[in-house]
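Have a look at data.tsv; it's TSV, C-alpha atoms and all ligand atoms:
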chain	number	residue	atom	x	y	z
D	15	GLU	CA	-11.23	-16.98	-13.34
D	16	ALA	CA	-7.78	-18.48	-13.88
D	17	PRO	CA	-7.31	-21.99	-12.49
D	18	THR	CA	-4.57	-22.22	-9.89
D	19	SER	CA	-2.66	-24.65	-12.11
D	20	SER	CA	-1.94	-21.81	-14.54
D	21	VAL	CA	0.17	-20.14	-11.90
D	22	THR	CA	3.64	-21.38	-12.57
D	23	ASP	CA	6.93	-21.78	-10.82
D	24	LYS	CA	8.73	-19.41	-8.56
D	25	VAL	CA	11.74	-18.09	-10.41
D	26	GLU	CA	15.09	-17.02	-9.09
D	27	ASN	CA	14.73	-13.28	-9.71
D	28	GLY	CA	11.46	-12.46	-8.01
D	29	SER	CA	8.38	-14.67	-8.27
D	30	GLN	CA	6.25	-15.66	-11.20
D	31	LEU	CA	2.50	-15.15	-11.59
D	32	ASP	CA	1.30	-16.69	-14.85
D	33	GLU	CA	3.46	-15.04	-17.51
D	34	LYS	CA	4.42	-12.21	-15.21
D	35	LYS	CA	7.40	-11.95	-12.87
D	36	VAL	CA	6.29	-10.06	-9.76
D	37	THR	CA	7.81	-8.46	-6.68
D	38	VAL	CA	5.68	-8.79	-3.57
D	39	VAL	CA	6.16	-7.05	-0.23
D	40	PHE	CA	3.93	-8.10	2.68
D	41	VAL	CA	2.89	-5.26	5.01
D	42	LEU	CA	2.03	-6.60	8.44
D	43	GLY	CA	1.26	-5.13	11.85
D	44	GLY	CA	-1.57	-4.80	14.32
D	45	PRO	CA	-4.91	-3.16	13.51
D	46	GLY	CA	-4.44	0.60	13.35
D	47	SER	CA	-0.64	0.47	13.25
D	48	GLY	CA	-0.69	2.65	10.11
D	49	LYS	CA	-0.17	0.10	7.32
D	50	GLY	CA	-2.70	1.60	4.90
D	51	THR	CA	-1.47	5.13	5.55
D	52	GLN	CA	2.13	4.25	4.71
D	53	CYS	CA	1.18	2.03	1.75
D	54	ALA	CA	-0.27	5.16	0.11
D	55	ASN	CA	3.14	6.86	0.52
D	56	ILE	CA	5.01	3.86	-0.88
D	57	VAL	CA	2.70	3.76	-3.90
D	58	GLU	CA	3.35	7.44	-4.56
D	59	HIS	CA	7.14	7.24	-4.24
D	60	PHE	CA	8.02	3.75	-5.41
D	61	GLY	CA	5.38	2.79	-7.99
D	62	PHE	CA	3.98	-0.24	-6.19
D	63	THR	CA	0.32	-1.22	-6.39
D	64	HIS	CA	-1.36	-1.45	-2.99
D	65	LEU	CA	-3.55	-4.48	-2.39
D	66	SER	CA	-5.24	-4.46	1.00
D	67	ALA	CA	-6.68	-7.87	1.88
D	68	GLY	CA	-9.26	-6.17	4.13
D	69	ASP	CA	-10.32	-3.80	1.32
D	70	LEU	CA	-10.67	-6.70	-1.12
D	71	LEU	CA	-12.84	-8.57	1.39
D	72	ARG	CA	-15.00	-5.48	2.00
D	73	ALA	CA	-15.39	-5.02	-1.78
D	74	GLU	CA	-16.46	-8.66	-2.02
D	75	ILE	CA	-19.21	-8.01	0.54
D	76	LYS	CA	-20.40	-4.97	-1.45
D	77	SER	CA	-20.36	-6.89	-4.74
D	78	GLY	CA	-23.13	-9.18	-3.47
D	79	SER	CA	-20.90	-12.26	-3.71
D	80	GLU	CA	-22.19	-15.57	-2.33
D	81	ASN	CA	-19.48	-15.31	0.34
D	82	GLY	CA	-20.55	-11.78	1.32
D	83	THR	CA	-22.54	-12.61	4.44
D	84	MET	CA	-19.91	-15.02	5.73
D	85	ILE	CA	-17.15	-12.42	5.22
D	86	GLN	CA	-19.22	-9.69	6.87
D	87	ASN	CA	-19.81	-11.86	9.94
D	88	MET	CA	-16.13	-12.80	10.21
D	89	ILE	CA	-15.02	-9.15	9.98
D	90	LYS	CA	-17.54	-8.09	12.63
D	91	GLU	CA	-16.09	-10.72	14.95
D	92	GLY	CA	-12.49	-9.85	14.05
D	93	LYS	CA	-11.98	-13.38	12.75
D	94	ILE	CA	-9.83	-14.45	9.82
D	95	VAL	CA	-11.72	-15.35	6.66
D	96	PRO	CA	-10.82	-18.76	5.14
D	97	SER	CA	-7.65	-18.46	3.09
D	98	GLU	CA	-9.24	-19.92	-0.03
D	99	VAL	CA	-11.40	-16.80	-0.36
D	100	THR	CA	-8.68	-14.23	0.36
D	101	VAL	CA	-5.99	-15.87	-1.74
D	102	LYS	CA	-8.33	-16.00	-4.76
D	103	LEU	CA	-9.08	-12.29	-4.38
D	104	LEU	CA	-5.39	-11.39	-4.15
D	105	GLN	CA	-4.42	-13.65	-7.03
D	106	ARG	CA	-7.12	-12.16	-9.25
D	107	ALA	CA	-6.15	-8.60	-8.31
D	108	MET	CA	-2.51	-9.27	-9.26
D	109	GLN	CA	-3.44	-10.97	-12.50
D	110	GLU	CA	-5.74	-8.13	-13.52
D	111	ASN	CA	-3.18	-5.43	-12.75
D	112	GLU	CA	-0.45	-4.53	-15.21
D	113	ASN	CA	2.02	-3.61	-12.50
D	114	ASP	CA	4.62	-6.14	-11.39
D	115	LYS	CA	5.24	-4.70	-7.89
D	116	PHE	CA	2.66	-5.28	-5.18
D	117	LEU	CA	2.32	-4.26	-1.56
D	118	ILE	CA	0.09	-6.83	0.06
D	119	ASP	CA	-1.32	-5.19	3.19
D	120	GLY	CA	-2.86	-7.19	6.05
D	121	PHE	CA	-1.92	-10.57	4.61
D	122	PRO	CA	-0.86	-13.25	5.53
D	123	ARG	CA	-2.78	-12.98	8.78
D	124	ASN	CA	-2.18	-16.52	9.98
D	125	GLU	CA	-0.22	-19.63	9.10
D	126	GLU	CA	-3.05	-20.93	6.92
D	127	ASN	CA	-3.02	-17.67	4.88
D	128	ARG	CA	0.71	-17.91	4.44
D	129	ALA	CA	0.82	-21.53	3.33
D	130	ALA	CA	-2.20	-21.20	1.01
D	131	PHE	CA	-0.76	-18.15	-0.76
D	132	GLU	CA	2.60	-19.82	-1.24
D	133	ASN	CA	1.04	-23.08	-2.48
D	134	VAL	CA	-1.33	-21.40	-4.90
D	135	THR	CA	0.80	-18.57	-6.28
D	136	LYS	CA	4.32	-19.94	-5.66
D	137	ILE	CA	5.21	-16.37	-4.71
D	138	GLU	CA	7.59	-15.57	-1.87
D	139	PRO	CA	7.77	-12.01	-0.58
D	140	ALA	CA	10.91	-10.03	-1.37
D	141	PHE	CA	10.67	-8.78	2.21
D	142	VAL	CA	8.16	-8.05	4.96
D	143	LEU	CA	7.44	-4.76	6.72
D	144	PHE	CA	6.34	-5.18	10.32
D	145	PHE	CA	4.65	-2.14	11.85
D	146	ASN	CA	5.26	-2.46	15.56
D	147	CYS	CA	2.97	-0.26	17.65
D	148	SER	CA	1.56	-0.38	21.19
D	149	GLU	CA	-2.05	-1.50	21.65
D	150	GLU	CA	-2.77	1.73	23.51
D	151	GLU	CA	-1.76	3.80	20.46
D	152	MET	CA	-3.50	1.50	17.98
D	153	GLU	CA	-6.72	1.58	19.99
D	154	LYS	CA	-6.66	5.38	20.06
D	155	ARG	CA	-6.10	5.56	16.28
D	156	LEU	CA	-8.85	3.07	15.46
D	157	LEU	CA	-11.41	4.79	17.67
D	158	ASN	CA	-10.61	8.07	15.92
D	159	ARG	CA	-10.50	6.63	12.39
D	160	ASN	CA	-14.08	7.56	11.55
D	161	GLN	CA	-14.43	5.55	8.36
D	162	GLY	CA	-17.67	3.95	9.46
D	163	ARG	CA	-16.11	0.49	9.64
D	164	ASP	CA	-18.17	-2.19	11.41
D	165	ASP	CA	-15.08	-3.43	13.23
D	166	ASP	CA	-13.77	-0.11	14.59
D	167	ASN	CA	-15.63	-0.44	17.91
D	168	ILE	CA	-13.97	-1.26	21.20
D	169	GLU	CA	-15.45	-4.77	21.44
D	170	THR	CA	-14.22	-5.87	17.99
D	171	ILE	CA	-10.93	-3.99	18.35
D	172	ARG	CA	-10.08	-6.09	21.44
D	173	LYS	CA	-10.87	-9.27	19.51
D	174	ARG	CA	-8.68	-8.12	16.61
D	175	PHE	CA	-5.77	-7.47	18.99
D	176	LYS	CA	-6.13	-11.01	20.38
D	177	VAL	CA	-6.21	-12.54	16.89
D	178	PHE	CA	-3.17	-10.48	15.93
D	179	ILE	CA	-1.15	-11.77	18.88
D	180	GLU	CA	-2.28	-15.38	18.62
D	181	SER	CA	-2.35	-15.86	14.84
D	182	SER	CA	-0.48	-13.07	13.05
D	183	LEU	CA	2.63	-12.65	15.20
D	184	PRO	CA	3.70	-16.26	14.48
D	185	VAL	CA	3.69	-15.44	10.75
D	186	ILE	CA	5.96	-12.45	11.40
D	187	GLU	CA	8.23	-14.72	13.45
D	188	TYR	CA	8.30	-17.19	10.56
D	189	TYR	CA	9.62	-14.49	8.22
D	190	GLN	CA	11.96	-13.16	10.91
D	191	ALA	CA	13.60	-16.58	11.04
D	192	LYS	CA	14.14	-16.26	7.29
D	193	GLY	CA	15.75	-12.83	7.71
D	194	LYS	CA	13.02	-11.13	5.68
D	195	VAL	CA	11.51	-8.73	8.21
D	196	HIS	CA	12.09	-4.98	8.50
D	197	GLU	CA	10.60	-3.99	11.84
D	198	ILE	CA	9.40	-0.42	12.03
D	199	ASP	CA	8.61	1.63	15.11
D	200	ALA	CA	5.13	2.61	13.95
D	201	GLY	CA	4.23	4.55	17.09
D	202	ARG	CA	5.99	7.67	15.78
D	203	PRO	CA	4.44	10.49	13.71
D	204	ARG	CA	3.54	9.58	10.11
D	205	GLU	CA	6.42	11.53	8.52
D	206	GLU	CA	9.03	9.87	10.71
D	207	VAL	CA	7.65	6.42	9.98
D	208	PHE	CA	7.83	7.13	6.26
D	209	GLU	CA	11.45	8.30	6.48
D	210	THR	CA	12.38	4.84	7.77
D	211	ILE	CA	10.30	3.13	5.11
D	212	LYS	CA	11.79	5.29	2.37
D	213	ASN	CA	15.28	4.11	3.31
D	214	ILE	CA	14.20	0.48	3.25
D	215	PHE	CA	12.66	0.76	-0.22
D	216	ALA	CA	15.49	2.85	-1.63
D	217	THR	CA	18.05	0.33	-0.42
D	218	PHE	CA	15.98	-2.50	-1.88
D	219	ALA	CA	15.65	-0.67	-5.20
D	220	LYS	CA	19.37	0.01	-5.33
D	221	GLU	CA	20.38	-3.56	-4.48
D	222	SER	CA	17.83	-5.00	-6.86
D	223	SER	CA	18.82	-2.79	-9.75
D	224	GLU	CA	22.44	-3.81	-9.21
D	225	THR	CA	21.52	-7.48	-9.36
D	226	GLY	CA	18.91	-6.99	-12.10
D	227	LYS	CA	16.08	-8.11	-9.82
D	228	TYR	CA	14.06	-4.95	-9.59
D	229	VAL	CA	12.37	-2.73	-12.08
D	230	ASP	CA	12.53	1.01	-12.61
D	231	ASN	CA	10.53	4.05	-11.54
D	232	CYS	CA	11.57	4.39	-7.92
D	233	VAL	CA	14.65	6.48	-8.49
D	234	ASN	CA	13.02	9.84	-7.79
D	235	VAL	CA	13.72	9.60	-4.07
D	236	MET	CA	17.17	8.08	-4.30
D	237	THR	CA	18.87	11.39	-3.79
D	238	GLU	CA	16.96	12.13	-0.59
D	239	VAL	CA	17.90	9.05	1.36
D	240	HIS	CA	20.97	7.61	2.98
D	241	ILE	CA	21.81	4.00	2.38
D	242	ASP	CA	23.28	2.26	5.41
D	301	LIG	N1	1.86	7.54	12.52
D	301	LIG	C1	0.60	7.85	12.81
D	301	LIG	N2	0.31	8.66	13.85
D	301	LIG	C2	-0.97	8.96	14.15
D	301	LIG	N3	-2.05	8.49	13.47
D	301	LIG	C3	-1.81	7.68	12.44
D	301	LIG	C4	-0.49	7.31	12.04
D	301	LIG	N4	-0.57	6.50	10.97
D	301	LIG	C5	-1.87	6.35	10.71
D	301	LIG	N5	-2.62	7.07	11.56
D	301	LIG	C6	-4.08	7.13	11.62
D	301	LIG	O1	-4.51	5.97	12.35
D	301	LIG	C7	-5.65	5.38	11.75
D	301	LIG	C8	-5.29	3.95	11.34
D	301	LIG	O2	-4.33	4.00	10.30
D	301	LIG	P1	-4.39	2.98	9.09
D	301	LIG	O3	-5.79	2.89	8.58
D	301	LIG	O4	-3.32	3.35	8.15
D	301	LIG	O5	-4.01	1.64	9.88
D	301	LIG	P2	-3.98	0.14	9.40
D	301	LIG	O6	-2.80	-0.51	10.01
D	301	LIG	O7	-4.09	0.06	7.91
D	301	LIG	O8	-5.32	-0.41	10.08
D	301	LIG	P3	-6.20	-1.69	9.74
D	301	LIG	O9	-5.32	-2.88	9.78
D	301	LIG	O10	-7.22	-1.71	10.84
D	301	LIG	O11	-6.84	-1.45	8.40
D	301	LIG	C9	-6.03	6.27	10.59
D	301	LIG	O12	-7.04	7.16	11.01
D	301	LIG	C10	-4.75	7.04	10.26
D	301	LIG	O13	-4.97	8.33	9.72
D	302	LIG	N1	-5.90	-11.65	5.43
D	302	LIG	C1	-7.01	-11.13	5.98
D	302	LIG	C2	-7.18	-9.76	6.11
D	302	LIG	C3	-8.31	-9.28	6.70
D	302	LIG	N2	-9.27	-10.14	7.12
D	302	LIG	C4	-10.50	-9.67	7.77
D	302	LIG	O1	-10.74	-8.30	7.48
D	302	LIG	C5	-10.71	-7.54	8.70
D	302	LIG	C6	-10.20	-6.17	8.46
D	302	LIG	O2	-8.88	-6.24	7.96
D	302	LIG	P1	-7.96	-4.91	7.84
D	302	LIG	O3	-6.62	-5.37	7.39
D	302	LIG	O4	-8.64	-4.02	6.86
D	302	LIG	O5	-7.93	-4.32	9.22
D	302	LIG	C7	-9.90	-8.41	9.66
D	302	LIG	O6	-10.13	-8.13	11.03
D	302	LIG	C8	-10.41	-9.79	9.28
D	302	LIG	O7	-11.69	-10.03	9.81
D	302	LIG	C9	-9.07	-11.49	6.97
D	302	LIG	O8	-9.95	-12.29	7.36
D	302	LIG	N3	-7.96	-11.97	6.38
Hey, can you dump this file as structure tokens for me?
Ligand SMILES: Nc1ncnc2c1ncn2[C@@H]1O[C@H](COP(=O)(O)OP(=O)(O)OP(=O)(O)O)[C@@H](O)[C@H]1O
Ligand SMILES: Nc1ccn([C@@H]2O[C@H](COP(=O)(O)O)[C@@H](O)[C@H]2O)c(=O)n1
Amino acid sequence: EAPTSSVTDKVENGSQLDEKKVTVVFVLGGPGSGKGTQCANIVEHFGFTHLSAGDLLRAEIKSGSENGTMIQNMIKEGKIVPSEVTVKLLQRAMQENENDKFLIDGFPRNEENRAAFENVTKIEPAFVLFFNCSEEEMEKRLLNRNQGRDDDNIETIRKRFKVFIESSLPVIEYYQAKGKVHEIDAGRPREEVFETIKNIFATFAKESSETGKYVDNCVNVMTEVHID
């Protein structure tokens, strides 16, 4: 495992992870707001790699890691796992992947997550997507999700909503103050939500290619979108 000291400085054009310059987009929003669903679309159209913090934590439980039981208990209670664990998983996943464009889904979940990631990786997100959706709609989606998740029951869902409001919204506000947030009305049908997202990514790709900050392979949708 790479020591954190090997992760070097943030650079002007994007952020640096070891030898690699990376573009990171944080995907935030309440439980069931549709983050994972839309990340799959972004991967397909814009060549990003999707890293879901929740998926990495669930994989860690399955791997029989020494932290497995602790993580399992936290997830069942809807609580946020200590940042040290989650940041290490994300850092390793980025280092092991050849891509240089990452969608980090469900992270940072609280101020501790945010500060730890920034301190360890020196990476700042290019921008943040905020999926805004009513609790009523999110609850309905989660109860219908049917993926056998331990935390998709009404008791844990209510706890996750509370944690989202108390701990995660302040992180979104932090990035809003920095002008980095694209807020999306995530209560609409999937296709409509993706239309909005497509415009955001196409604009970002265009602006970045003009300034030399962004890399390739997202041009296939450029003709379909309008740039405001
Ligand atoms: N726009 C939408 N309209 C209706 N259902 C949706 C929409 N987007 C996603 N869904 C469905 O809602 C459920 C939750 O979506 P998804 O897993 O993408 O949410 P999420 O934000 O990643 O949730 P979590 O944070 O709990 O992992 C899934 O069953 C998905 O198919
Ligand atoms: N940064 C994070 C992300 C997730 N968790 C825990 O995992 C649960 C499920 O997360 P999803 O994004 O897949 O919904 C979440 O409720 C937390 O318990 C975390 O601790 N830190």
For this session: Choose the residue, out of D:Leu31, D:Val95, D:Cys53, D:Leu70, that has the smallest atom-to-atom separation from ligand LIG 302 (chain D); count all atoms listed in the file.
Result: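 Among D:Leu31, D:Val95, D:Cys53, D:Leu70, it is D:Val95 that comes nearest to ligand LIG 302 (chain D).
Using only C-alpha atoms, the smallest distance between any of D:Ala73, D:Val38, D:Ala140, D:Ala67 and Leu104 (chain D) comes from D:Ala67.
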Exercise. Between D:Arg163, D:Arg123, D:His196, D:Arg155, which one has atoms that come closest to Thr51 (chain D), using only C-alpha atoms?
Worked result: D:Arg155
Exercise. Hey, what's within 10 Å of Phe208 (chain D) if we count only C-alpha atoms and toss same-chain stuff fewer than 2 positions away? As a list in words, please?
Worked result: Thr51, Gln52, Cys53, Asn55, Ile56, Ile198, Ala200, Arg202, Pro203, Arg204, Glu205, Glu206, Thr210, Ile211, Lys212, Asn213 and Ile214 of chain D
Exercise. What is the CA of Gly201 (chain D) to atom C5 of ligand LIG 301 (chain D) distance in Å?
Worked result: 9.0 Å
Exercise. Quick one, how far is CA of Met88 (chain D) from CA of Glu169 (chain D)?
Worked result: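 Answer for the CA of Met88 (chain D) to CA of Glu169 (chain D) separation: 13.8 Å.
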For this session: Throw together the list of residues within 10 Å of ligand LIG 302 (chain D), counting all atoms listed in the file, and drop it here as a ChimeraX atom specification.
Result: /D:41-47,49-50,66-72,85-97,99-101,104,118-124,126-128,156,163-166,170-171,173-175,177-178,182
Box for ligand LIG 301 (chain D): with edges along x, y and z, all listed atoms inside and 4 Å added on each side, what are the centre and edge lengths in Å to one decimal, as JSON?
{"center_x": -2.7, "center_y": 3.0, "center_z": 11.0, "size_x": 17.1, "size_y": 19.8, "size_z": 14.2}
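Using all atoms listed in the file for every distance, the candidate list D:Val36, D:Ile75, D:Leu143, D:Ile186 yields D:Leu143 as the residue closest to ligand LIG 301 (chain D).
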Exercise. Suppose you want the space between CA of Ser77 (chain D) and CA of Val134 (chain D); what is it in Å?
Worked result: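 So the answer is 23.9 Å.
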For this session: Name the residues in contact with Asp199 (chain D) at a cut-off of 7 Å, using only C-alpha atoms, excluding same-chain residues fewer than 5 positions from it; report them as a count of residues only.
Result: 3
Problem set entry | Top pick for closest residue to ligand LIG 301 (chain D), considering D:Leu157, D:Ile179, D:Leu103, D:Ala191 and counting all atoms listed in the file |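 With all atoms listed in the file as the atom set, the closest residue is D:Leu157.
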Exercise. Which is closest to ligand LIG 301 (chain D) among D:Glu125, D:Glu112, D:Glu224, D:Glu149, if we use all atoms listed in the file?
Worked result: D:Glu149
Start from the incomplete input, build N, CA and C atoms for region 137-157 of chain D, and deliver everything as a CSV table (one decimal), in the frame of the given file.
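Just written: selection-v9.csv:
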chain,number,residue,atom,x,y,z
D,137,ILE,N,4.5,-17.6,-4.9
D,137,ILE,CA,5.2,-16.4,-4.7
D,137,ILE,C,5.8,-16.3,-3.3
D,138,GLU,N,7.0,-15.9,-3.2
D,138,GLU,CA,7.6,-15.6,-1.9
D,138,GLU,C,7.8,-14.1,-1.8
D,139,PRO,N,7.5,-13.5,-0.6
D,139,PRO,CA,7.8,-12.0,-0.6
D,139,PRO,C,9.3,-11.7,-0.7
D,140,ALA,N,9.5,-10.5,-1.3
D,140,ALA,CA,10.9,-10.0,-1.4
D,140,ALA,C,11.4,-9.7,0.1
D,141,PHE,N,10.5,-9.0,0.8
D,141,PHE,CA,10.7,-8.8,2.2
D,141,PHE,C,9.3,-8.5,2.9
D,142,VAL,N,9.4,-8.3,4.2
D,142,VAL,CA,8.2,-8.0,5.0
D,142,VAL,C,8.4,-6.8,5.8
D,143,LEU,N,7.4,-5.9,5.8
D,143,LEU,CA,7.4,-4.8,6.7
D,143,LEU,C,6.6,-5.1,7.9
D,144,PHE,N,7.1,-4.9,9.1
D,144,PHE,CA,6.3,-5.2,10.3
D,144,PHE,C,6.2,-3.9,11.1
D,145,PHE,N,5.0,-3.4,11.1
D,145,PHE,CA,4.6,-2.1,11.8
D,145,PHE,C,4.4,-2.5,13.3
D,146,ASN,N,5.4,-2.1,14.1
D,146,ASN,CA,5.3,-2.5,15.6
D,146,ASN,C,4.7,-1.2,16.3
D,147,CYS,N,3.6,-1.4,17.0
D,147,CYS,CA,3.0,-0.3,17.6
D,147,CYS,C,2.3,-0.8,18.9
D,148,SER,N,2.2,0.1,19.9
D,148,SER,CA,1.6,-0.4,21.2
D,148,SER,C,0.0,-0.5,21.0
D,149,GLU,N,-0.6,-1.4,21.8
D,149,GLU,CA,-2.0,-1.5,21.6
D,149,GLU,C,-2.7,-0.2,22.0
D,150,GLU,N,-2.2,0.5,23.0
D,150,GLU,CA,-2.8,1.7,23.5
D,150,GLU,C,-2.9,2.7,22.3
D,151,GLU,N,-1.8,2.9,21.6
D,151,GLU,CA,-1.8,3.8,20.5
D,151,GLU,C,-2.7,3.3,19.3
D,152,MET,N,-2.7,2.0,19.1
D,152,MET,CA,-3.5,1.5,18.0
D,152,MET,C,-5.0,1.7,18.3
D,153,GLU,N,-5.3,1.4,19.6
D,153,GLU,CA,-6.7,1.6,20.0
D,153,GLU,C,-7.2,3.0,19.8
D,154,LYS,N,-6.3,3.9,20.2
D,154,LYS,CA,-6.7,5.4,20.1
D,154,LYS,C,-6.9,5.7,18.6
D,155,ARG,N,-6.0,5.2,17.7
D,155,ARG,CA,-6.1,5.6,16.3
D,155,ARG,C,-7.4,5.0,15.7
D,156,LEU,N,-7.7,3.7,16.1
D,156,LEU,CA,-8.8,3.1,15.5
D,156,LEU,C,-10.1,3.7,15.9
D,157,LEU,N,-10.2,4.2,17.2
D,157,LEU,CA,-11.4,4.8,17.7
D,157,LEU,C,-11.6,6.2,17.1
